[in-house]
Amino acid sequence: MDKHQRLGNPSPPVEKHIQMEILEKSGGHNKGCNDASNGCHTDQGCLYWLGRNDKENDVLLSTSRQNDWWLHLSKGASPHGILRCACSSEGDKRRCIGKVCGEIKAHSKQAGARKVSVDVHMRRNVKSLKNKKDGLVELKKKPDHVMAV
Ligand SMILES: [Zn+2]
């Protein structure tokens, strides 16, 4: 069984190749997370995932856990982020959230903006409305945190 089968999120190699090219053209940094299925790690060792299109965003919502964090730019279109933070200190938790906020900004159309704000919600307060439209969500509460990056 290969990695993709195990994770239940197959992506054809061709598509992946195209996505890598897009990322390289849009800045080409290697530090960014460009693996939506396996996820990436913050400096604190916590896992996070970024969805770069509606389908990936829906997959992230359906595979995430209720107590993960869900992140999205406060205004406008945005990649969705999921963070599974296991940090015990508030400082580390903020660093993890800050890292994912930076990644979301970097992969959004507002990458060049001086400051953007990112809403951080508990996953359990985010409801998928993909049966109405791919990538659409309903937020049950105000964000738990609003971060400026
Ligand atoms: Zn963490």
# chains A, B, ... in the order shown; residues from 1 in each chain; ligands from 1

$ residues_near_ligand --ligand "ligand 1" --cutoff "8 Å" --atoms "only C-alpha atoms and all ligand atoms" --output "list in words"
Thr42, Gln44, Gly45, Cys46, Leu47, Leu83, Arg84, Cys85, Ala86, Cys87, Ser88, Asp92, Lys93, Arg94, Arg95, Cys96 and Ile97 of chain A

$ closest_atom_pairs --of "range 43-106 of chain A" --to "range 111-126 of chain A" --cutoff "10 Å" --atoms "only C-alpha atoms" --output "JSON lines"
{"residue": "A:Leu61", "atom": "CA", "partner": "A:Arg123", "partner_atom": "CA", "distance": 8.0}
{"residue": "A:Ser64", "atom": "CA", "partner": "A:Arg123", "partner_atom": "CA", "distance": 7.6}
{"residue": "A:Arg65", "atom": "CA", "partner": "A:Arg123", "partner_atom": "CA", "distance": 7.0}
{"residue": "A:Gln66", "atom": "CA", "partner": "A:Arg124", "partner_atom": "CA", "distance": 4.5}
{"residue": "A:Asn67", "atom": "CA", "partner": "A:Arg123", "partner_atom": "CA", "distance": 5.8}
{"residue": "A:Asp68", "atom": "CA", "partner": "A:Arg123", "partner_atom": "CA", "distance": 5.3}
{"residue": "A:Trp69", "atom": "CA", "partner": "A:Met122", "partner_atom": "CA", "distance": 4.8}
{"residue": "A:Trp70", "atom": "CA", "partner": "A:His121", "partner_atom": "CA", "distance": 5.2}
{"residue": "A:Leu71", "atom": "CA", "partner": "A:Val120", "partner_atom": "CA", "distance": 4.7}
{"residue": "A:His72", "atom": "CA", "partner": "A:Asp119", "partner_atom": "CA", "distance": 5.5}
{"residue": "A:Leu73", "atom": "CA", "partner": "A:Val118", "partner_atom": "CA", "distance": 4.2}
{"residue": "A:Ser74", "atom": "CA", "partner": "A:Val118", "partner_atom": "CA", "distance": 5.0}
{"residue": "A:Lys75", "atom": "CA", "partner": "A:Ser117", "partner_atom": "CA", "distance": 7.7}
{"residue": "A:Ser78", "atom": "CA", "partner": "A:Val118", "partner_atom": "CA", "distance": 9.5}
{"residue": "A:Gly81", "atom": "CA", "partner": "A:Val120", "partner_atom": "CA", "distance": 9.2}
{"residue": "A:Ile82", "atom": "CA", "partner": "A:Arg123", "partner_atom": "CA", "distance": 8.1}
{"residue": "A:Leu83", "atom": "CA", "partner": "A:Arg123", "partner_atom": "CA", "distance": 9.3}
{"residue": "A:Arg84", "atom": "CA", "partner": "A:Arg123", "partner_atom": "CA", "distance": 10.0}
{"residue": "A:Ile97", "atom": "CA", "partner": "A:Val120", "partner_atom": "CA", "distance": 8.1}
{"residue": "A:Gly98", "atom": "CA", "partner": "A:Val118", "partner_atom": "CA", "distance": 9.3}
{"residue": "A:Val100", "atom": "CA", "partner": "A:Val118", "partner_atom": "CA", "distance": 9.6}
{"residue": "A:Cys101", "atom": "CA", "partner": "A:Val118", "partner_atom": "CA", "distance": 6.2}
{"residue": "A:Gly102", "atom": "CA", "partner": "A:Val118", "partner_atom": "CA", "distance": 9.0}
{"residue": "A:Glu103", "atom": "CA", "partner": "A:Ala111", "partner_atom": "CA", "distance": 9.2}
{"residue": "A:Ile104", "atom": "CA", "partner": "A:Val118", "partner_atom": "CA", "distance": 8.3}
{"residue": "A:Lys105", "atom": "CA", "partner": "A:Ala111", "partner_atom": "CA", "distance": 5.2}
{"residue": "A:Ala106", "atom": "CA", "partner": "A:Ala111", "partner_atom": "CA", "distance": 4.6}

$ select_by_dssp --residues "range 90-144 of chain A" --states "alpha helix (DSSP H)" --output "PDB file with N, CA and C atoms, in the first residue's frame"
ATOM      1  N   GLU A  90       1.496  28.651  25.774  1.00  0.00           N
ATOM      2  CA  GLU A  90       0.795  29.632  24.937  1.00  0.00           C
ATOM      3  C   GLU A  90       1.734  30.216  23.884  1.00  0.00           C
ATOM      4  N   GLY A  91       2.986  30.431  24.269  1.00  0.00           N
ATOM      5  CA  GLY A  91       3.961  30.999  23.339  1.00  0.00           C
ATOM      6  C   GLY A  91       4.177  30.101  22.134  1.00  0.00           C
ATOM      7  N   ASP A  92       4.369  28.808  22.391  1.00  0.00           N
ATOM      8  CA  ASP A  92       4.572  27.864  21.292  1.00  0.00           C
ATOM      9  C   ASP A  92       3.321  27.762  20.427  1.00  0.00           C
ATOM     10  N   LYS A  93       2.169  27.765  21.089  1.00  0.00           N
ATOM     11  CA  LYS A  93       0.908  27.674  20.347  1.00  0.00           C
ATOM     12  C   LYS A  93       0.782  28.863  19.388  1.00  0.00           C
ATOM     13  N   ARG A  94       1.124  30.051  19.886  1.00  0.00           N
ATOM     14  CA  ARG A  94       1.051  31.247  19.043  1.00  0.00           C
ATOM     15  C   ARG A  94       2.044  31.162  17.884  1.00  0.00           C
ATOM     16  N   ARG A  95       3.220  30.597  18.156  1.00  0.00           N
ATOM     17  CA  ARG A  95       4.212  30.451  17.084  1.00  0.00           C
ATOM     18  C   ARG A  95       3.706  29.484  16.006  1.00  0.00           C
ATOM     19  N   CYS A  96       3.067  28.404  16.431  1.00  0.00           N
ATOM     20  CA  CYS A  96       2.507  27.452  15.463  1.00  0.00           C
ATOM     21  C   CYS A  96       1.412  28.117  14.620  1.00  0.00           C
ATOM     22  N   ILE A  97       0.510  28.799  15.295  1.00  0.00           N
ATOM     23  CA  ILE A  97      -0.577  29.464  14.577  1.00  0.00           C
ATOM     24  C   ILE A  97       0.004  30.522  13.630  1.00  0.00           C
ATOM     25  N   GLY A  98       0.999  31.267  14.124  1.00  0.00           N
ATOM     26  CA  GLY A  98       1.626  32.307  13.304  1.00  0.00           C
ATOM     27  C   GLY A  98       2.270  31.739  12.047  1.00  0.00           C
ATOM     28  N   LYS A  99       2.888  30.575  12.188  1.00  0.00           N
ATOM     29  CA  LYS A  99       3.535  29.924  11.046  1.00  0.00           C
ATOM     30  C   LYS A  99       2.496  29.607   9.960  1.00  0.00           C
ATOM     31  N   VAL A 100       1.384  29.022  10.374  1.00  0.00           N
ATOM     32  CA  VAL A 100       0.361  28.630   9.394  1.00  0.00           C
ATOM     33  C   VAL A 100      -0.286  29.878   8.783  1.00  0.00           C
ATOM     34  N   CYS A 101      -0.466  30.919   9.600  1.00  0.00           N
ATOM     35  CA  CYS A 101      -0.999  32.184   9.059  1.00  0.00           C
ATOM     36  C   CYS A 101      -0.081  32.712   7.949  1.00  0.00           C
ATOM     37  N   GLY A 102       1.222  32.657   8.195  1.00  0.00           N
ATOM     38  CA  GLY A 102       2.185  33.127   7.193  1.00  0.00           C
ATOM     39  C   GLY A 102       2.109  32.306   5.911  1.00  0.00           C
ATOM     40  N   GLU A 103       1.930  31.001   6.072  1.00  0.00           N
ATOM     41  CA  GLU A 103       1.828  30.118   4.905  1.00  0.00           C
ATOM     42  C   GLU A 103       0.571  30.417   4.097  1.00  0.00           C
ATOM     43  N   ILE A 104      -0.523  30.659   4.808  1.00  0.00           N
ATOM     44  CA  ILE A 104      -1.778  30.969   4.116  1.00  0.00           C
ATOM     45  C   ILE A 104      -1.621  32.253   3.316  1.00  0.00           C
ATOM     46  N   LYS A 105      -1.031  33.259   3.953  1.00  0.00           N
ATOM     47  CA  LYS A 105      -0.807  34.522   3.246  1.00  0.00           C
ATOM     48  C   LYS A 105       0.076  34.284   2.022  1.00  0.00           C
ATOM     49  N   ALA A 106       1.169  33.551   2.207  1.00  0.00           N
ATOM     50  CA  ALA A 106       2.133  33.335   1.119  1.00  0.00           C
ATOM     51  C   ALA A 106       1.517  32.609  -0.073  1.00  0.00           C
TER      52      ALA A 106
END

$ residues_around --residues "Gly51 in chain A" --least-positions-apart "2" --cutoff "7 Å" --atoms "only C-alpha atoms" --output "ChimeraX atom specification"
/A:36,49,53,56-57,60,79-81

$ select_by_dssp --residues "range 92-146 of chain A" --states "strand (DSSP E or B)" --output "PyMOL selection string"
chain A and resi 117-122+126-128+137-139+145-146
